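Right, one structure below, let's go through it.
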Amino acid sequence: MKKENKKTKRQKRVGFFRSIKQRDPSARNALEILLLYPGVHALIWYRIAHIFYKMHLRFISRLISTWARFCTGIEIHAGATIGRNLFIDHGHGVVIGETTIIGDNCTVYQNVTLGGTGKEHHKRHPTLGNNVIVGAGAKVLGNIVVGNNCKIGANSVVLKSVPDNCTVVGVGRIITQHSVVSDAADFPVERVELRAPVFGVEDSQPDNDNKVEKE
């Protein structure tokens, strides 16, 4: 039984380079990923800077993270907490704040900001669960929690916490497999039944434009 449990744990754990190959069809081998992927370079520099940050050598950690930003176009604060197998794809313009927490096996695309709102102190940046995908240009701001297995659509703005297994599109519009609910208090709540998984969203509401044309 113990041997079987060890095998299942090993099967669940996927190595860093293999996890990138699974998420990026253009990745050919580990050497190419190590040498040519700026997201990987930024993470290596972050791991080094984070060691100095934990030793309270803040100037050195900041110097390393600034150099990494100059070389890669990706800014990861040395104080951020990042789990296993983060993949920053393309990466240019990505900003990850000091108190950000990122779980395991997350994917972040270019121009993403995991930042603050300027109204909070101490923990002021978002927390991402495991297996979260943040699309290009998305802004996730403030001390909020994005649950496990969530997808943040490209150019979305997220200002409030998101439950597990949801997708966010636009400004705070949360989509589940059963309904669409606006997360912002000023927005009306909508109900839409989905016939397809979220990124191929089709809603069951009638097409109002076609009705107007017929009339």
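In the structure tokens, chains take the letters A, B, ... in the order shown, each chain's residues start at 1, and ligands count up from 1 in the order shown.
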task: Quick one: pick out all strand (DSSP E) residues within region 69-105 of chain A from a backbone DSSP run and write them as a list in words.
output: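 The strand (DSSP E) residues within region 69-105 of chain A come out as Glu75, Ile76, Thr81, Ile82, Phe87, Ile88, Val95, Ile96, Ile101 and Ile102 of chain A.
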Selection above as a file: C-alpha atoms, as a tab-separated table (two decimals), in the first residue's frame:
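For reference, again09.tsv as written:
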```
chain	number	residue	atom	x	y	z
A	75	GLU	CA	8.70	42.29	-12.77
A	76	ILE	CA	8.36	39.86	-9.87
A	81	THR	CA	5.22	33.76	-2.64
A	82	ILE	CA	5.14	31.47	-5.69
A	87	PHE	CA	4.50	29.22	-16.26
A	88	ILE	CA	4.80	32.83	-17.47
A	95	VAL	CA	3.90	42.56	-12.80
A	96	ILE	CA	3.63	40.48	-9.61
A	101	ILE	CA	0.63	34.45	-3.32
A	102	ILE	CA	0.50	32.07	-6.30
```
Per residue of region 83-187 of chain A within 10 Å of region 70-74 of chain A, which atom pair is closest and at what distance in Å (one decimal), using only C-alpha atoms, listed by chain and increasing number, as JSON lines?
```
{"residue": "A:Ile88", "atom": "CA", "partner": "A:Ile74", "partner_atom": "CA", "distance": 9.0}
{"residue": "A:His90", "atom": "CA", "partner": "A:Ile74", "partner_atom": "CA", "distance": 9.6}
{"residue": "A:Gly91", "atom": "CA", "partner": "A:Ile74", "partner_atom": "CA", "distance": 6.1}
{"residue": "A:His92", "atom": "CA", "partner": "A:Gly73", "partner_atom": "CA", "distance": 4.9}
{"residue": "A:Gly93", "atom": "CA", "partner": "A:Ile74", "partner_atom": "CA", "distance": 5.7}
{"residue": "A:Val94", "atom": "CA", "partner": "A:Ile74", "partner_atom": "CA", "distance": 5.0}
{"residue": "A:Val95", "atom": "CA", "partner": "A:Ile74", "partner_atom": "CA", "distance": 6.3}
{"residue": "A:Ile96", "atom": "CA", "partner": "A:Ile74", "partner_atom": "CA", "distance": 8.5}
{"residue": "A:Gln110", "atom": "CA", "partner": "A:Ile74", "partner_atom": "CA", "distance": 8.8}
{"residue": "A:Asn111", "atom": "CA", "partner": "A:Ile74", "partner_atom": "CA", "distance": 8.9}
{"residue": "A:Val112", "atom": "CA", "partner": "A:Ile74", "partner_atom": "CA", "distance": 9.8}
```
task: May I ask which of the residues A:Gly118, A:Phe52, A:Ile152, A:Thr66 is the closest one to Cys106 (chain A), counting only C-alpha atoms?
output: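 Nearest to Cys106 (chain A): A:Ile152.
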message: With only C-alpha atoms as the counted atoms, please give the residues lying no more than 8 Å from Gly79 (chain A), apart from itself and same-chain residues fewer than 5 positions off, as JSON, numbers by chain.
response: {"A": [50, 53, 54, 97, 98, 99]}
Resulting file, chosen residues, all heavy atoms, as a PDB file, in the first residue's frame:
```pdb
ATOM      1  N   HIS A  50      14.457  36.037  -3.756  1.00  0.00           N
ATOM      2  CA  HIS A  50      13.593  35.692  -2.629  1.00  0.00           C
ATOM      3  C   HIS A  50      14.415  35.201  -1.428  1.00  0.00           C
ATOM      4  O   HIS A  50      14.050  35.440  -0.269  1.00  0.00           O
ATOM      5  CB  HIS A  50      12.597  34.615  -3.062  1.00  0.00           C
ATOM      6  CG  HIS A  50      11.534  34.341  -2.051  1.00  0.00           C
ATOM      7  ND1 HIS A  50      10.611  35.292  -1.654  1.00  0.00           N
ATOM      8  CD2 HIS A  50      11.229  33.216  -1.337  1.00  0.00           C
ATOM      9  CE1 HIS A  50       9.796  34.768  -0.766  1.00  0.00           C
ATOM     10  NE2 HIS A  50      10.147  33.518  -0.540  1.00  0.00           N
ATOM     11  N   TYR A  53      15.638  38.235   0.203  1.00  0.00           N
ATOM     12  CA  TYR A  53      14.502  38.926   0.835  1.00  0.00           C
ATOM     13  C   TYR A  53      14.186  38.300   2.195  1.00  0.00           C
ATOM     14  O   TYR A  53      13.940  39.010   3.172  1.00  0.00           O
ATOM     15  CB  TYR A  53      13.286  38.844  -0.092  1.00  0.00           C
ATOM     16  CG  TYR A  53      12.080  39.596   0.414  1.00  0.00           C
ATOM     17  CD1 TYR A  53      11.893  40.936   0.084  1.00  0.00           C
ATOM     18  CD2 TYR A  53      11.120  38.976   1.212  1.00  0.00           C
ATOM     19  CE1 TYR A  53      10.782  41.641   0.543  1.00  0.00           C
ATOM     20  CE2 TYR A  53      10.010  39.664   1.674  1.00  0.00           C
ATOM     21  CZ  TYR A  53       9.853  40.996   1.336  1.00  0.00           C
ATOM     22  OH  TYR A  53       8.750  41.688   1.806  1.00  0.00           O
ATOM     23  N   LYS A  54      14.199  36.983   2.273  1.00  0.00           N
ATOM     24  CA  LYS A  54      13.919  36.287   3.536  1.00  0.00           C
ATOM     25  C   LYS A  54      15.040  36.504   4.553  1.00  0.00           C
ATOM     26  O   LYS A  54      14.818  36.392   5.760  1.00  0.00           O
ATOM     27  CB  LYS A  54      13.721  34.795   3.271  1.00  0.00           C
ATOM     28  CG  LYS A  54      12.408  34.499   2.544  1.00  0.00           C
ATOM     29  CD  LYS A  54      12.342  33.080   2.023  1.00  0.00           C
ATOM     30  CE  LYS A  54      12.194  32.075   3.126  1.00  0.00           C
ATOM     31  NZ  LYS A  54      12.006  30.695   2.590  1.00  0.00           N
ATOM     32  N   GLY A  97       3.119  41.622  -7.533  1.00  0.00           N
ATOM     33  CA  GLY A  97       3.408  42.455  -6.371  1.00  0.00           C
ATOM     34  C   GLY A  97       4.004  41.712  -5.187  1.00  0.00           C
ATOM     35  O   GLY A  97       4.048  40.480  -5.141  1.00  0.00           O
ATOM     36  N   GLU A  98       4.423  42.480  -4.195  1.00  0.00           N
ATOM     37  CA  GLU A  98       5.192  41.957  -3.064  1.00  0.00           C
ATOM     38  C   GLU A  98       4.441  40.922  -2.241  1.00  0.00           C
ATOM     39  O   GLU A  98       5.017  39.913  -1.825  1.00  0.00           O
ATOM     40  CB  GLU A  98       5.610  43.115  -2.148  1.00  0.00           C
ATOM     41  CG  GLU A  98       6.406  42.692  -0.939  1.00  0.00           C
ATOM     42  CD  GLU A  98       6.780  43.864  -0.059  1.00  0.00           C
ATOM     43  OE1 GLU A  98       6.195  44.953  -0.220  1.00  0.00           O
ATOM     44  OE2 GLU A  98       7.668  43.688   0.797  1.00  0.00           O
ATOM     45  N   THR A  99       3.170  41.152  -1.958  1.00  0.00           N
ATOM     46  CA  THR A  99       2.420  40.233  -1.084  1.00  0.00           C
ATOM     47  C   THR A  99       1.551  39.262  -1.880  1.00  0.00           C
ATOM     48  O   THR A  99       0.655  38.637  -1.321  1.00  0.00           O
ATOM     49  CB  THR A  99       1.550  41.022  -0.090  1.00  0.00           C
ATOM     50  OG1 THR A  99       0.621  41.843  -0.809  1.00  0.00           O
ATOM     51  CG2 THR A  99       2.413  41.900   0.805  1.00  0.00           C
TER      52      THR A  99
END
```
field: Within 6 Å of Cys166 (chain A) using only C-alpha atoms, minus same-chain residues under 6 positions, as a PyMOL selection string
entry: chain A and resi 150+175-176
Keeping C-alpha atoms for every residue in the selection just given, could you write it to a file as an mmCIF file, in the first residue's frame?
```cif
data_model
loop_
_atom_site.group_PDB
_atom_site.id
_atom_site.type_symbol
_atom_site.label_atom_id
_atom_site.label_comp_id
_atom_site.auth_asym_id
_atom_site.auth_seq_id
_atom_site.Cartn_x
_atom_site.Cartn_y
_atom_site.Cartn_z
ATOM 1 C CA CYS A 150 -10.202 29.388 -12.188
ATOM 2 C CA ILE A 175 -19.143 32.498 -15.227
ATOM 3 C CA THR A 176 -19.825 29.029 -13.878
#
```
field: Between CA of Val40 (chain A) and CA of Ser65 (chain A), distance in Å (one decimal)
entry: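 Computing the Euclidean distance for CA of Val40 (chain A) and CA of Ser65 (chain A) yields 13.6 Å.
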Residue contacts of Gly129 (chain A) (6 Å, only C-alpha atoms) excluding same-chain residues fewer than 5 positions away, as a PDB file with N, CA, C and O atoms, in the first residue's frame:
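Written file, out.pdb:
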```
ATOM      1  N   GLY A 103      -0.395  29.808  -6.224  1.00  0.00           N
ATOM      2  CA  GLY A 103      -0.370  28.376  -5.950  1.00  0.00           C
ATOM      3  C   GLY A 103       0.407  27.598  -6.996  1.00  0.00           C
ATOM      4  O   GLY A 103       1.158  28.158  -7.801  1.00  0.00           O
ATOM      5  N   VAL A 146      -8.475  34.233  -5.624  1.00  0.00           N
ATOM      6  CA  VAL A 146      -8.983  33.573  -6.825  1.00  0.00           C
ATOM      7  C   VAL A 146      -8.850  32.075  -6.579  1.00  0.00           C
ATOM      8  O   VAL A 146      -7.749  31.572  -6.370  1.00  0.00           O
ATOM      9  N   GLY A 147      -9.983  31.360  -6.591  1.00  0.00           N
ATOM     10  CA  GLY A 147     -10.006  29.958  -6.193  1.00  0.00           C
ATOM     11  C   GLY A 147      -9.280  29.029  -7.149  1.00  0.00           C
ATOM     12  O   GLY A 147      -8.822  29.429  -8.230  1.00  0.00           O
ATOM     13  N   ASN A 148      -9.206  27.768  -6.757  1.00  0.00           N
ATOM     14  CA  ASN A 148      -8.540  26.752  -7.572  1.00  0.00           C
ATOM     15  C   ASN A 148      -9.249  26.554  -8.904  1.00  0.00           C
ATOM     16  O   ASN A 148     -10.473  26.679  -9.001  1.00  0.00           O
TER      17      ASN A 148
END
```
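CA of Thr117 (chain A) lies 25.8 Å from CA of Asn105 (chain A).
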message: Considering only C-alpha atoms, can you say which of A:Ile144, A:Val132, A:Leu34, A:Ile64 comes closest to Asp164 (chain A)?
response: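 Of A:Ile144, A:Val132, A:Leu34, A:Ile64, the one nearest Asp164 (chain A) is A:Val132, counting only C-alpha atoms.
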Sel. of alpha helix (DSSP H) residues, region 34-205 of chain A, as a short mmCIF file (atom, residue, chain, number, x, y, z; two decimals) with C-alpha atoms, in the first residue's frame:
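Everything below was put into selection-v2.cif:
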```
data_model
loop_
_atom_site.label_atom_id
_atom_site.label_comp_id
_atom_site.auth_asym_id
_atom_site.auth_seq_id
_atom_site.Cartn_x
_atom_site.Cartn_y
_atom_site.Cartn_z
CA LEU A 34 15.78 26.89 -20.08
CA LEU A 35 17.69 29.01 -22.58
CA LEU A 36 14.97 30.78 -24.56
CA PRO A 38 12.06 34.75 -20.49
CA GLY A 39 9.43 33.59 -17.99
CA VAL A 40 11.80 30.85 -16.84
CA HIS A 41 14.68 33.33 -16.53
CA ALA A 42 12.50 35.69 -14.48
CA LEU A 43 11.56 32.85 -12.12
CA ILE A 44 15.19 31.83 -11.64
CA TRP A 45 16.14 35.39 -10.74
CA TYR A 46 13.08 35.59 -8.45
CA ARG A 47 14.11 32.45 -6.55
CA ILE A 48 17.54 33.95 -5.92
CA ALA A 49 16.14 37.35 -4.92
CA HIS A 50 13.59 35.69 -2.63
CA ILE A 51 16.40 34.06 -0.61
CA PHE A 52 17.95 37.47 0.09
CA TYR A 53 14.50 38.93 0.83
CA LYS A 54 13.92 36.29 3.54
CA ARG A 58 16.16 43.94 0.91
CA PHE A 59 18.49 46.12 -1.16
CA ILE A 60 20.23 43.11 -2.71
CA SER A 61 16.91 41.38 -3.39
CA ARG A 62 15.53 44.53 -5.01
CA LEU A 63 18.68 44.93 -7.08
CA ILE A 64 18.34 41.37 -8.41
CA SER A 65 14.63 41.75 -9.23
CA THR A 66 15.32 45.06 -10.99
CA TRP A 67 18.04 43.43 -13.08
CA ALA A 68 15.64 40.59 -13.93
CA ARG A 69 13.03 43.12 -15.06
CA PHE A 70 15.61 44.83 -17.27
CA CYS A 71 16.60 41.52 -18.87
CA THR A 72 13.16 39.91 -19.25
#
```
- request: Pick out the residues sitting within 8 Å of Val145 (chain A), and hand them over as a ChimeraX atom specification; count only C-alpha atoms, and ignore anything fewer than 2 positions along from it in its own chain.
  value: /A:126-129,143,147,160-162
Could you dump the residues just selected with N, CA, C and O atoms as a PDB file, in the first residue's frame?
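To be explicit, this is the file written out as part_9.pdb:
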```
ATOM      1  N   PRO A 126      -3.212  40.059  -4.619  1.00  0.00           N
ATOM      2  CA  PRO A 126      -4.108  38.894  -4.683  1.00  0.00           C
ATOM      3  C   PRO A 126      -3.435  37.572  -4.321  1.00  0.00           C
ATOM      4  O   PRO A 126      -2.211  37.447  -4.326  1.00  0.00           O
ATOM      5  N   THR A 127      -4.282  36.602  -4.025  1.00  0.00           N
ATOM      6  CA  THR A 127      -3.861  35.217  -3.800  1.00  0.00           C
ATOM      7  C   THR A 127      -4.502  34.346  -4.872  1.00  0.00           C
ATOM      8  O   THR A 127      -5.733  34.367  -5.021  1.00  0.00           O
ATOM      9  N   LEU A 128      -3.687  33.617  -5.621  1.00  0.00           N
ATOM     10  CA  LEU A 128      -4.198  32.704  -6.642  1.00  0.00           C
ATOM     11  C   LEU A 128      -4.095  31.277  -6.110  1.00  0.00           C
ATOM     12  O   LEU A 128      -3.062  30.880  -5.580  1.00  0.00           O
ATOM     13  N   GLY A 129      -5.156  30.498  -6.305  1.00  0.00           N
ATOM     14  CA  GLY A 129      -5.129  29.094  -5.922  1.00  0.00           C
ATOM     15  C   GLY A 129      -4.313  28.271  -6.904  1.00  0.00           C
ATOM     16  O   GLY A 129      -3.532  28.798  -7.702  1.00  0.00           O
ATOM     17  N   ASN A 143      -6.373  42.700  -2.165  1.00  0.00           N
ATOM     18  CA  ASN A 143      -6.239  41.518  -1.316  1.00  0.00           C
ATOM     19  C   ASN A 143      -7.462  40.623  -1.493  1.00  0.00           C
ATOM     20  O   ASN A 143      -8.368  40.589  -0.655  1.00  0.00           O
ATOM     21  N   GLY A 147      -9.983  31.360  -6.591  1.00  0.00           N
ATOM     22  CA  GLY A 147     -10.006  29.958  -6.193  1.00  0.00           C
ATOM     23  C   GLY A 147      -9.280  29.029  -7.149  1.00  0.00           C
ATOM     24  O   GLY A 147      -8.822  29.429  -8.230  1.00  0.00           O
ATOM     25  N   LYS A 160     -12.765  41.545  -6.865  1.00  0.00           N
ATOM     26  CA  LYS A 160     -13.365  40.817  -5.747  1.00  0.00           C
ATOM     27  C   LYS A 160     -13.036  39.332  -5.876  1.00  0.00           C
ATOM     28  O   LYS A 160     -12.735  38.844  -6.966  1.00  0.00           O
ATOM     29  N   SER A 161     -13.125  38.629  -4.756  1.00  0.00           N
ATOM     30  CA  SER A 161     -12.743  37.218  -4.732  1.00  0.00           C
ATOM     31  C   SER A 161     -13.611  36.379  -5.660  1.00  0.00           C
ATOM     32  O   SER A 161     -14.780  36.694  -5.903  1.00  0.00           O
ATOM     33  N   VAL A 162     -13.020  35.293  -6.170  1.00  0.00           N
ATOM     34  CA  VAL A 162     -13.684  34.408  -7.127  1.00  0.00           C
ATOM     35  C   VAL A 162     -13.686  32.993  -6.551  1.00  0.00           C
ATOM     36  O   VAL A 162     -12.628  32.513  -6.126  1.00  0.00           O
TER      37      VAL A 162
END
```
message: With distances taken over only C-alpha atoms, which residue among A:Tyr109, A:Asn149, A:Ile133, A:Val140 lies nearest Val171 (chain A)?
response: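 Comparing A:Tyr109, A:Asn149, A:Ile133, A:Val140 against Val171 (chain A), the winner is A:Val140.
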